[in-house]
file coords.tsv (TSV, C-alpha atoms and all ligand atoms)
chain	number	residue	atom	x	y	z
A	171	MET	CA	9.71	4.22	28.77
A	172	LYS	CA	10.74	2.89	25.41
A	173	LYS	CA	7.83	2.30	23.06
A	174	HIS	CA	8.42	0.44	19.82
A	175	LEU	CA	6.49	1.85	16.90
A	176	LEU	CA	7.54	-1.00	14.65
A	177	PRO	CA	7.04	-4.14	16.75
A	178	GLU	CA	10.15	-5.18	18.64
A	179	LYS	CA	9.49	-8.90	18.21
A	180	GLY	CA	9.03	-10.89	15.05
A	181	ASN	CA	10.68	-10.95	11.64
A	182	PHE	CA	10.51	-8.71	8.63
A	183	TYR	CA	8.87	-10.31	5.60
A	184	LYS	CA	9.33	-8.64	2.23
A	185	ALA	CA	6.07	-8.36	0.32
A	186	ASN	CA	4.81	-7.26	-3.06
A	187	LEU	CA	1.17	-6.35	-2.59
A	188	HIS	CA	0.28	-5.70	-6.24
A	189	VAL	CA	0.91	-8.00	-9.21
A	190	HIS	CA	-0.89	-9.33	-12.28
A	191	THR	CA	-0.59	-12.80	-13.73
A	192	THR	CA	-1.84	-14.56	-16.86
A	193	ILE	CA	-5.20	-14.81	-15.07
A	194	SER	CA	-5.74	-11.18	-16.11
A	195	ASP	CA	-3.32	-9.03	-18.15
A	196	GLY	CA	-0.01	-10.08	-16.60
A	197	SER	CA	2.67	-12.02	-18.50
A	198	LEU	CA	3.78	-14.57	-15.91
A	199	THR	CA	1.79	-17.42	-14.44
A	200	PRO	CA	1.16	-17.43	-10.68
A	201	GLU	CA	3.85	-20.14	-10.35
A	202	GLU	CA	6.37	-17.99	-12.23
A	203	ILE	CA	5.49	-14.97	-10.10
A	204	LYS	CA	6.25	-16.99	-6.99
A	205	GLU	CA	9.55	-18.14	-8.48
A	206	VAL	CA	10.83	-14.69	-9.52
A	207	TYR	CA	9.81	-12.99	-6.28
A	208	LYS	CA	11.24	-15.73	-4.09
A	209	GLU	CA	14.49	-15.44	-6.00
A	210	LYS	CA	14.65	-11.76	-5.01
A	211	GLY	CA	14.07	-12.46	-1.33
A	212	TYR	CA	10.34	-11.84	-1.11
A	213	SER	CA	8.26	-13.99	1.24
A	214	VAL	CA	4.80	-12.61	0.46
A	215	VAL	CA	2.96	-11.82	-2.77
A	216	ALA	CA	-0.63	-10.59	-2.99
A	217	PHE	CA	-2.13	-11.74	-6.27
A	218	THR	CA	-4.25	-8.83	-7.45
A	219	ASP	CA	-5.49	-9.89	-10.85
A	220	HIS	CA	-8.02	-7.57	-12.44
A	221	GLU	CA	-11.60	-8.40	-11.52
A	222	ALA	CA	-10.88	-12.08	-10.76
A	223	MET	CA	-10.15	-13.20	-7.23
A	224	VAL	CA	-8.35	-16.53	-7.33
A	225	PRO	CA	-6.75	-17.99	-4.18
A	226	HIS	CA	-3.24	-19.40	-4.69
A	227	ASN	CA	-2.88	-21.26	-1.41
A	228	ASP	CA	-1.37	-24.17	-3.32
A	229	LEU	CA	1.76	-22.02	-3.85
A	230	ASN	CA	2.38	-21.58	-0.12
A	231	ASP	CA	5.35	-23.22	1.54
A	232	ASP	CA	7.59	-22.58	4.57
A	233	SER	CA	9.10	-19.49	3.00
A	234	PHE	CA	6.32	-18.20	0.74
A	235	LEU	CA	2.82	-16.93	1.40
A	236	SER	CA	0.27	-15.84	-1.19
A	237	ILE	CA	-2.44	-13.35	-0.26
A	238	THR	CA	-5.85	-13.73	-1.82
A	239	ALA	CA	-6.78	-10.44	-3.46
A	240	VAL	CA	-8.31	-8.71	-6.45
A	241	GLU	CA	-7.97	-5.34	-8.19
A	242	LEU	CA	-11.23	-3.63	-9.10
A	243	ALA	CA	-11.14	-0.87	-11.72
A	244	THR	CA	-14.00	1.56	-12.12
A	245	ASN	CA	-13.63	3.82	-15.13
A	246	ALA	CA	-15.38	7.10	-15.78
A	247	GLU	CA	-17.78	6.67	-18.67
A	248	LEU	CA	-16.41	7.65	-22.06
A	249	THR	CA	-18.07	10.78	-23.29
A	250	HIS	CA	-15.79	11.58	-26.23
A	251	GLY	CA	-15.30	8.22	-27.93
A	252	VAL	CA	-11.78	7.03	-27.35
A	253	TYR	CA	-10.54	10.40	-26.11
A	254	SER	CA	-7.63	9.44	-23.94
A	255	TYR	CA	-8.33	11.55	-20.86
A	256	ARG	CA	-10.30	9.18	-18.76
A	257	GLU	CA	-10.28	9.04	-15.01
A	258	THR	CA	-10.45	5.73	-13.28
A	259	CYS	CA	-10.36	4.40	-9.75
A	260	HIS	CA	-8.46	1.21	-8.95
A	261	MET	CA	-8.67	-0.48	-5.59
A	262	ASN	CA	-7.11	-3.66	-4.30
A	263	LEU	CA	-9.14	-5.80	-1.95
A	264	TYR	CA	-7.03	-8.04	0.29
A	265	SER	CA	-8.93	-10.86	1.91
A	266	LYS	CA	-8.47	-11.75	5.56
A	267	ASP	CA	-9.66	-15.24	4.59
A	268	PRO	CA	-7.22	-17.03	2.25
A	269	ASN	CA	-10.00	-19.16	0.78
A	270	LYS	CA	-12.22	-16.32	-0.29
A	271	THR	CA	-13.51	-16.53	-3.86
A	272	VAL	CA	-16.41	-14.11	-3.59
A	273	CYS	CA	-16.70	-10.42	-2.97
A	274	SER	CA	-20.06	-8.72	-2.99
A	275	VAL	CA	-18.83	-5.68	-4.94
A	276	TYR	CA	-17.68	-7.67	-7.93
A	277	SER	CA	-19.21	-6.42	-11.21
A	278	LYS	CA	-19.60	-8.98	-13.95
A	279	SER	CA	-20.42	-6.21	-16.40
A	280	ARG	CA	-17.10	-4.53	-15.65
A	281	LEU	CA	-15.02	-7.61	-16.39
A	282	TRP	CA	-12.60	-6.54	-19.12
A	283	PRO	CA	-9.93	-9.24	-19.25
A	284	ALA	CA	-12.59	-11.53	-20.76
A	285	HIS	CA	-10.55	-14.71	-20.35
A	286	ALA	CA	-10.40	-14.07	-16.59
A	287	GLU	CA	-13.96	-15.35	-16.29
A	288	GLN	CA	-12.81	-18.96	-16.62
A	289	TYR	CA	-10.78	-18.63	-13.40
A	290	MET	CA	-13.64	-17.27	-11.35
A	291	ALA	CA	-15.73	-19.25	-8.93
A	292	ASP	CA	-19.33	-19.75	-10.08
A	293	GLU	CA	-20.72	-17.77	-7.12
A	294	MET	CA	-18.60	-14.80	-8.14
A	295	LYS	CA	-19.96	-14.87	-11.68
A	296	GLU	CA	-23.46	-14.39	-10.26
A	297	ILE	CA	-22.60	-11.00	-8.76
A	298	ASP	CA	-23.01	-7.73	-10.62
A	299	PHE	CA	-22.65	-4.86	-8.17
A	300	LYS	CA	-23.29	-1.53	-9.87
A	301	ARG	CA	-20.09	0.48	-9.57
A	302	THR	CA	-19.74	3.93	-11.03
A	303	PHE	CA	-16.89	6.39	-11.04
A	304	THR	CA	-18.12	8.58	-8.20
A	305	PRO	CA	-16.76	8.92	-4.66
A	306	GLU	CA	-20.18	7.80	-3.37
A	307	SER	CA	-20.08	4.57	-5.35
A	308	MET	CA	-16.44	3.94	-4.41
A	309	ASN	CA	-17.35	4.43	-0.75
A	310	GLU	CA	-20.05	1.79	-1.11
A	311	VAL	CA	-17.42	-0.55	-2.58
A	312	ILE	CA	-15.06	0.15	0.33
A	313	ALA	CA	-17.76	-0.27	2.98
A	314	GLU	CA	-19.13	-3.50	1.47
A	315	ALA	CA	-15.65	-4.93	0.96
A	316	LYS	CA	-14.77	-4.23	4.59
A	317	LYS	CA	-17.97	-5.97	5.70
A	318	ASP	CA	-16.91	-8.93	3.56
A	319	GLY	CA	-13.55	-9.15	5.36
A	320	PHE	CA	-11.22	-7.24	3.06
A	321	ILE	CA	-8.81	-4.40	3.63
A	322	VAL	CA	-8.82	-1.94	0.77
A	323	SER	CA	-6.03	-0.02	-0.91
A	324	TYR	CA	-6.42	3.00	-3.15
A	325	ASN	CA	-4.04	2.50	-6.06
A	326	HIS	CA	-1.91	4.85	-8.16
A	327	PRO	CA	-4.02	8.04	-7.80
A	328	VAL	CA	-1.73	9.96	-10.19
A	329	TRP	CA	-1.88	7.42	-13.03
A	330	SER	CA	-5.65	7.25	-12.45
A	331	LEU	CA	-5.84	11.03	-13.04
A	332	ASN	CA	-7.54	11.49	-9.69
A	333	HIS	CA	-7.58	14.84	-7.99
A	334	TYR	CA	-8.46	16.18	-4.55
A	335	PRO	CA	-12.18	16.78	-5.21
A	336	PHE	CA	-12.50	13.04	-5.94
A	337	TYR	CA	-10.16	11.29	-3.52
A	338	SER	CA	-10.78	13.60	-0.56
A	339	LYS	CA	-14.28	12.10	-0.30
A	340	LEU	CA	-13.05	8.51	0.06
A	341	LYS	CA	-13.79	6.91	3.43
A	342	GLY	CA	-12.34	3.82	5.03
A	343	VAL	CA	-9.40	3.09	2.76
A	344	TRP	CA	-6.61	1.23	4.57
A	345	GLY	CA	-3.66	2.00	2.28
A	346	VAL	CA	-2.71	4.44	-0.46
A	347	GLU	CA	0.00	3.71	-2.99
A	348	VAL	CA	2.73	6.33	-2.69
A	349	TYR	CA	4.90	4.36	-5.10
A	350	ASN	CA	3.83	1.99	-7.88
A	351	THR	CA	6.73	0.66	-9.96
A	352	GLY	CA	4.75	0.22	-13.17
A	353	CYS	CA	3.28	3.71	-12.98
A	354	ALA	CA	6.51	5.42	-11.88
A	355	ARG	CA	8.52	3.81	-14.69
A	356	ASN	CA	5.82	4.83	-17.16
A	357	GLY	CA	6.06	8.49	-16.19
A	358	TYR	CA	3.35	8.72	-13.52
A	359	PRO	CA	5.20	9.08	-10.23
A	360	ASP	CA	2.74	8.64	-7.43
A	361	THR	CA	3.17	11.05	-4.60
A	362	VAL	CA	2.52	11.32	-0.88
A	363	GLN	CA	0.01	14.13	-1.39
A	364	PRO	CA	-3.16	11.97	-1.41
A	365	LEU	CA	-1.85	10.15	1.68
A	366	ASP	CA	-1.29	13.36	3.65
A	367	ASP	CA	-4.54	14.86	2.37
A	368	LEU	CA	-6.55	11.85	3.56
A	369	LEU	CA	-4.70	11.86	6.89
A	370	ALA	CA	-5.50	15.56	7.31
A	371	LEU	CA	-9.16	14.69	6.75
A	372	GLY	CA	-9.01	12.21	9.62
A	373	GLU	CA	-8.64	8.98	7.67
A	374	ARG	CA	-6.40	6.31	9.21
A	375	VAL	CA	-4.49	5.44	6.07
A	376	PHE	CA	-1.05	3.92	5.46
A	377	PRO	CA	1.51	4.44	2.66
A	378	LEU	CA	2.16	1.53	0.30
A	379	ALA	CA	4.97	0.90	-2.17
A	380	THR	CA	4.12	-1.80	-4.70
A	381	ASP	CA	5.12	-3.09	-8.13
A	382	ASP	CA	1.86	-3.59	-10.06
A	383	ALA	CA	4.03	-5.83	-12.26
A	384	HIS	CA	2.64	-7.00	-15.61
A	385	GLY	CA	5.78	-7.34	-17.75
A	386	LYS	CA	7.44	-10.18	-19.55
A	387	ARG	CA	10.31	-12.18	-18.12
A	388	GLU	CA	12.74	-10.88	-20.77
A	389	THR	CA	12.55	-7.32	-19.48
A	390	MET	CA	10.85	-7.41	-16.06
A	391	TRP	CA	10.81	-3.64	-16.28
A	392	ASP	CA	8.04	-3.23	-13.72
A	393	TYR	CA	9.23	-5.68	-11.05
A	394	PHE	CA	11.10	-5.27	-7.74
A	395	GLY	CA	10.82	-1.46	-7.50
A	396	GLY	CA	8.52	-0.96	-4.49
A	397	TRP	CA	7.72	-3.26	-1.60
A	398	VAL	CA	6.42	-3.53	1.93
A	399	MET	CA	8.41	-4.90	4.87
A	400	ILE	CA	5.94	-6.56	7.21
A	401	LYS	CA	6.94	-7.26	10.79
A	402	ALA	CA	5.12	-10.31	12.09
A	403	ASP	CA	5.66	-13.24	14.43
A	404	LYS	CA	5.48	-15.79	11.67
A	405	LEU	CA	4.85	-16.27	7.99
A	406	GLU	CA	1.27	-17.34	8.42
A	407	TYR	CA	-1.80	-15.90	6.71
A	408	SER	CA	-3.63	-14.39	9.68
A	409	ALA	CA	-0.41	-13.09	11.30
A	410	ILE	CA	0.57	-11.33	8.07
A	411	MET	CA	-2.90	-9.89	7.45
A	412	THR	CA	-3.16	-8.68	11.07
A	413	ALA	CA	0.25	-7.00	10.79
A	414	LEU	CA	-0.84	-5.29	7.56
A	415	GLU	CA	-4.14	-4.18	9.02
A	416	ASN	CA	-2.46	-2.80	12.15
A	417	GLY	CA	0.27	-1.02	10.19
A	418	ASP	CA	3.15	-3.16	11.47
A	419	PHE	CA	5.15	-2.47	8.33
A	420	TYR	CA	6.95	0.16	6.34
A	421	SER	CA	7.08	0.66	2.59
A	422	SER	CA	10.25	1.08	0.57
A	423	THR	CA	11.90	1.56	-2.78
A	424	GLY	CA	15.34	0.97	-1.25
A	425	PRO	CA	16.32	1.90	2.31
A	426	GLU	CA	15.64	-0.28	5.31
A	427	ILE	CA	14.13	0.91	8.57
A	428	SER	CA	15.44	-1.56	11.10
A	429	ASP	CA	14.06	0.06	14.23
A	430	LEU	CA	11.67	2.84	15.14
A	431	TYR	CA	10.88	3.73	18.74
A	432	ILE	CA	10.07	6.61	21.04
A	433	GLU	CA	11.55	7.09	24.50
A	434	ASP	CA	10.92	10.12	26.73
A	435	GLY	CA	9.50	11.96	23.75
A	436	VAL	CA	12.52	11.30	21.52
A	437	LEU	CA	11.84	9.39	18.32
A	438	THR	CA	14.74	7.22	17.13
A	439	VAL	CA	14.98	5.85	13.59
A	440	LYS	CA	17.60	3.23	12.68
A	441	THR	CA	18.21	2.62	9.00
A	442	SER	CA	20.46	1.23	6.31
A	443	PRO	CA	22.93	3.89	5.00
A	444	ALA	CA	20.87	7.01	4.32
A	445	SER	CA	21.50	10.47	2.94
A	446	ALA	CA	18.50	11.92	4.79
A	447	ILE	CA	16.04	10.93	7.50
A	448	GLU	CA	12.92	13.03	7.97
A	449	ILE	CA	9.86	13.28	10.11
A	450	LEU	CA	6.75	14.71	8.48
A	451	THR	CA	3.78	15.95	10.44
A	452	GLU	CA	0.31	17.29	9.78
A	453	ARG	CA	1.46	20.79	10.67
A	454	ARG	CA	4.62	22.81	10.10
A	455	ALA	CA	6.77	20.75	12.46
A	456	SER	CA	8.60	18.52	9.99
A	457	LYS	CA	12.35	18.01	10.43
A	458	ARG	CA	15.18	16.61	8.32
A	459	VAL	CA	18.57	15.22	9.28
A	460	GLN	CA	21.00	15.17	6.40
A	461	ALA	CA	24.27	13.29	5.85
A	462	LYS	CA	27.30	15.57	6.06
A	463	ASP	CA	30.66	15.39	4.28
A	464	GLY	CA	29.68	12.24	2.44
A	465	VAL	CA	29.22	10.25	5.65
A	466	LEU	CA	25.88	8.47	5.39
A	467	LEU	CA	23.53	8.17	8.34
A	468	ASN	CA	22.43	5.00	10.09
A	469	GLU	CA	20.33	6.65	12.74
A	470	ALA	CA	18.56	9.88	13.60
A	471	ALA	CA	16.81	11.10	16.73
A	472	PHE	CA	14.03	13.69	16.84
A	473	ASP	CA	12.92	15.36	20.06
A	474	LEU	CA	9.11	15.45	19.82
A	475	ASN	CA	8.42	16.82	23.30
A	476	THR	CA	7.44	20.28	22.07
A	477	TYR	CA	5.38	18.80	19.25
A	478	ILE	CA	3.55	16.50	21.66
A	479	ALA	CA	2.95	19.29	24.20
A	480	ASP	CA	1.71	21.70	21.51
A	481	SER	CA	-0.68	19.06	20.16
A	482	ALA	CA	-2.78	19.51	23.30
A	483	HIS	CA	-3.84	22.90	21.86
A	484	LYS	CA	-5.30	21.32	18.74
A	485	ARG	CA	-8.79	22.55	17.91
A	486	GLU	CA	-11.58	20.21	16.88
A	487	SER	CA	-11.33	21.46	13.30
A	488	ASP	CA	-7.54	20.89	13.00
A	489	PRO	CA	-6.20	17.77	11.30
A	490	PRO	CA	-5.31	14.86	13.61
A	491	ALA	CA	-1.72	15.10	14.86
A	492	TYR	CA	0.60	12.48	13.37
A	493	VAL	CA	4.25	11.90	12.65
A	494	ARG	CA	5.57	9.76	9.83
A	495	VAL	CA	9.14	8.98	8.85
A	496	THR	CA	10.82	8.89	5.47
A	497	VAL	CA	14.35	7.76	4.74
A	498	THR	CA	16.21	8.60	1.53
A	499	ASP	CA	19.31	6.73	0.36
A	500	GLU	CA	22.13	8.12	-1.78
A	501	HIS	CA	20.35	7.01	-4.98
A	502	GLY	CA	17.16	8.86	-4.08
A	503	ASN	CA	15.24	5.71	-3.13
A	504	LYS	CA	12.90	6.15	-0.20
A	505	SER	CA	11.21	4.32	2.59
A	506	TYR	CA	8.04	5.41	4.32
A	507	SER	CA	6.81	4.54	7.78
A	508	ARG	CA	3.13	4.65	8.46
A	509	PRO	CA	1.77	7.69	10.31
A	510	TYR	CA	1.91	7.40	14.09
A	511	PHE	CA	-0.87	9.30	15.76
A	512	ILE	CA	-0.49	11.46	18.85
A	513	ASN	CA	-1.99	8.86	21.20
A	514	GLU	CA	0.72	6.40	20.09
A	515	LEU	CA	3.63	8.77	20.83
B	601	ZN	ZN	-4.47	-0.46	-11.30
B	602	ZN	ZN	-2.71	-3.33	-11.02
call {"tool": "encode", "arguments": {"input": "coords.tsv", "output": "structure tokens", "more": "lines below"}}
Ligand SMILES: [Zn+2]
Ligand SMILES: [Zn+2]
result
Amino acid sequence: MKKHLLPEKGNFYKANLHVHTTISDGSLTPEEIKEVYKEKGYSVVAFTDHEAMVPHNDLNDDSFLSITAVELATNAELTHGVYSYRETCHMNLYSKDPNKTVCSVYSKSRLWPAHAEQYMADEMKEIDFKRTFTPESMNEVIAEAKKDGFIVSYNHPVWSLNHYPFYSKLKGVWGVEVYNTGCARNGYPDTVQPLDDLLALGERVFPLATDDAHGKRETMWDYFGGWVMIKADKLEYSAIMTALENGDFYSSTGPEISDLYIEDGVLTVKTSPASAIEILTERRASKRVQAKDGVLLNEAAFDLNTYIADSAHKRESDPPAYVRVTVTDEHGNKSYSRPYFINEL
């Protein structure tokens, strides 16, 4: 029986899930952000201004949807004055309710784009949740945010100077940035390592490619580099948020994944022209199909029957079995499916 891993029905909607506007430290107004992203074929933008959650439902139309969100930054305390090595933890909270203006983990005392305060709802200004740069405190933020109706992403771990001893303790994150345009173009390429590490620890976490755009219109150096293709029935807030939450999407810096299904244990991936298509797993069972003689691929098939059968021998202490797909185009751009767990194959 054919089982679609990306939903068979619905449309793909191109989304940027990370952007800053003049509400915090971005250069473009929310209206301008809508304009430039629509021009490039995006249908969805999550407005993730620092520390200030401001709904932009007024920007929505038949072909554009704004997601209500906020980026919370929690810096390690400075112990050496302005010494530049300073770890931080940035998380985006995406609201399942478009009209949300409050989150219980907001910290007034951590508001650093001071002018952002004027955009915040009065109830939000009342809240001063004590956040500190520890995994325990970050886990409280994640848990409270989830209770409040948010899904939470863990942003740019490499730029944040985060390492395994820190991020391996995080619980309940929905997405991890594997590509962040602003960071990558600044010399901090995010990697898939935190994603696979968290998966190995049993977290159900999905890869995200985003922009984190801040730049001016003249250069737009940190725009349009990483995005998410959401498959949903319609461009409507709850349909899009449900698709995100369920993982009905893939992330990309270039190639398209048009279809992904499994039939009789054989996984088929259909793509735009690709130089390589890979499956990656939690154990040493990854496989790569490579273009030959300059003829690019549009499809690859991977027989997973042995992998699936062997997974029955997994011990309690072994990482959960999963398969995820990456596609690389001839320019080195990549797309990333979410992990599909053994019970889905
Ligand atoms: Zn950030
Ligand atoms: Zn950001």
call {"tool": "atom_distance", "arguments": {"input": "coords.tsv", "atom1": "CA of Asn309 in chain A", "atom2": "CA of Val495 in chain A"}}
result
28.5 Å
call {"tool": "residues_near_ligand", "arguments": {"input": "coords.tsv", "ligand": "ligand ZN 601 (chain B)", "cutoff": "12 Å", "atoms": "only C-alpha atoms and all ligand atoms", "output": "MDAnalysis selection string"}}
result
chainID A and resid 187:190 194:196 218:221 240:245 257:263 323:331 347 350:353 380:384
call {"tool": "residues_around", "arguments": {"input": "coords.tsv", "residues": "Asp232 in chain A", "least_positions_apart": "3", "cutoff": "12 Å", "atoms": "only C-alpha atoms", "output": "ChimeraX atom specification"}}
result
/A:208,213-214,229,235-236,404-407
call {"tool": "closest_residue", "arguments": {"input": "coords.tsv", "among": "A:Ala239, A:Val436, A:Met390, A:Ile203", "to": "ligand ZN 602 (chain B)", "atoms": "only C-alpha atoms and all ligand atoms"}}
result
A:Ala239
call {"tool": "atom_distance", "arguments": {"input": "coords.tsv", "atom1": "CA of Glu469 in chain A", "atom2": "CA of Thr441 in chain A"}}
result
5.9 Å
call {"tool": "decode", "arguments": {"input": "coords.tsv", "residues": "range 347-435 of chain A", "atoms": "C-alpha atoms", "output": "mmCIF file, in the first residue's frame"}}
result
data_model
loop_
_atom_site.group_PDB
_atom_site.id
_atom_site.type_symbol
_atom_site.label_atom_id
_atom_site.label_comp_id
_atom_site.auth_asym_id
_atom_site.auth_seq_id
_atom_site.Cartn_x
_atom_site.Cartn_y
_atom_site.Cartn_z
ATOM 1 C CA GLU A 347 16.985 25.629 12.577
ATOM 2 C CA VAL A 348 19.359 23.695 10.332
ATOM 3 C CA TYR A 349 19.748 26.739 8.100
ATOM 4 C CA ASN A 350 19.402 30.414 9.002
ATOM 5 C CA THR A 351 20.219 32.788 6.141
ATOM 6 C CA GLY A 352 21.443 35.650 8.316
ATOM 7 C CA CYS A 353 23.718 33.397 10.352
ATOM 8 C CA ALA A 354 24.998 31.377 7.379
ATOM 9 C CA ARG A 355 25.869 34.519 5.406
ATOM 10 C CA ASN A 356 27.620 35.919 8.469
ATOM 11 C CA GLY A 357 29.894 32.897 8.781
ATOM 12 C CA TYR A 358 27.904 30.736 11.208
ATOM 13 C CA PRO A 359 26.556 27.869 9.140
ATOM 14 C CA ASP A 360 24.025 26.006 11.195
ATOM 15 C CA THR A 361 24.239 22.278 10.912
ATOM 16 C CA VAL A 362 22.056 19.210 11.231
ATOM 17 C CA GLN A 363 24.026 17.948 14.231
ATOM 18 C CA PRO A 364 21.749 19.389 16.958
ATOM 19 C CA LEU A 365 18.729 18.037 15.048
ATOM 20 C CA ASP A 366 20.114 14.499 14.870
ATOM 21 C CA ASP A 367 21.400 14.675 18.443
ATOM 22 C CA LEU A 368 17.963 15.654 19.761
ATOM 23 C CA LEU A 369 16.317 12.969 17.621
ATOM 24 C CA ALA A 370 18.739 10.389 19.016
ATOM 25 C CA LEU A 371 17.689 11.478 22.500
ATOM 26 C CA GLY A 372 14.066 10.730 21.633
ATOM 27 C CA GLU A 373 12.844 14.249 20.900
ATOM 28 C CA ARG A 374 10.300 14.612 18.090
ATOM 29 C CA VAL A 375 11.918 17.562 16.379
ATOM 30 C CA PHE A 376 11.798 18.872 12.804
ATOM 31 C CA PRO A 377 14.421 20.681 10.661
ATOM 32 C CA LEU A 378 13.742 24.307 9.747
ATOM 33 C CA ALA A 379 15.321 26.554 7.129
ATOM 34 C CA THR A 380 14.615 30.240 7.746
ATOM 35 C CA ASP A 381 15.904 33.707 6.882
ATOM 36 C CA ASP A 382 16.050 35.628 10.172
ATOM 37 C CA ALA A 383 16.089 38.676 7.880
ATOM 38 C CA HIS A 384 16.953 42.077 9.364
ATOM 39 C CA GLY A 385 18.619 43.876 6.442
ATOM 40 C CA LYS A 386 17.852 46.995 4.500
ATOM 41 C CA ARG A 387 16.027 47.010 1.191
ATOM 42 C CA GLU A 388 19.115 48.227 -0.696
ATOM 43 C CA THR A 389 21.028 45.027 -0.011
ATOM 44 C CA MET A 390 18.544 42.437 1.293
ATOM 45 C CA TRP A 391 21.571 40.291 2.013
ATOM 46 C CA ASP A 392 19.779 38.106 4.548
ATOM 47 C CA TYR A 393 16.501 37.478 2.691
ATOM 48 C CA PHE A 394 15.180 34.555 0.601
ATOM 49 C CA GLY A 395 17.904 32.031 1.517
ATOM 50 C CA GLY A 396 16.000 29.423 3.563
ATOM 51 C CA TRP A 397 12.316 28.587 3.651
ATOM 52 C CA VAL A 398 9.711 26.011 4.536
ATOM 53 C CA MET A 399 7.265 24.480 2.052
ATOM 54 C CA ILE A 400 4.075 23.733 3.953
ATOM 55 C CA LYS A 401 1.553 21.314 2.495
ATOM 56 C CA ALA A 402 -1.940 22.222 3.609
ATOM 57 C CA ASP A 403 -5.511 22.160 2.336
ATOM 58 C CA LYS A 404 -5.826 25.909 2.347
ATOM 59 C CA LEU A 405 -4.077 29.120 3.240
ATOM 60 C CA GLU A 406 -5.877 29.551 6.518
ATOM 61 C CA TYR A 407 -4.343 30.098 9.952
ATOM 62 C CA SER A 408 -5.350 26.894 11.710
ATOM 63 C CA ALA A 409 -4.698 24.716 8.620
ATOM 64 C CA ILE A 410 -1.182 26.144 8.286
ATOM 65 C CA MET A 411 -0.386 25.853 12.001
ATOM 66 C CA THR A 412 -1.707 22.268 12.110
ATOM 67 C CA ALA A 413 0.431 21.354 9.090
ATOM 68 C CA LEU A 414 3.486 22.874 10.775
ATOM 69 C CA GLU A 415 2.803 21.148 14.056
ATOM 70 C CA ASN A 416 2.289 17.776 12.344
ATOM 71 C CA GLY A 417 5.390 18.147 10.175
ATOM 72 C CA ASP A 418 3.538 18.367 6.853
ATOM 73 C CA PHE A 419 6.377 20.358 5.323
ATOM 74 C CA TYR A 420 9.972 20.253 4.217
ATOM 75 C CA SER A 421 12.658 22.894 4.554
ATOM 76 C CA SER A 422 14.841 24.129 1.726
ATOM 77 C CA THR A 423 17.572 26.426 0.517
ATOM 78 C CA GLY A 424 16.871 25.477 -3.107
ATOM 79 C CA PRO A 425 15.623 22.073 -4.258
ATOM 80 C CA GLU A 426 11.984 21.074 -4.266
ATOM 81 C CA ILE A 427 10.617 17.817 -2.899
ATOM 82 C CA SER A 428 7.439 17.300 -4.864
ATOM 83 C CA ASP A 429 6.506 13.880 -3.542
ATOM 84 C CA LEU A 430 7.611 11.527 -0.803
ATOM 85 C CA TYR A 431 5.953 8.166 -0.234
ATOM 86 C CA ILE A 432 6.610 4.605 0.836
ATOM 87 C CA GLU A 433 5.171 1.545 -0.878
ATOM 88 C CA ASP A 434 6.017 -2.060 0.053
ATOM 89 C CA GLY A 435 8.962 -0.802 2.065
#
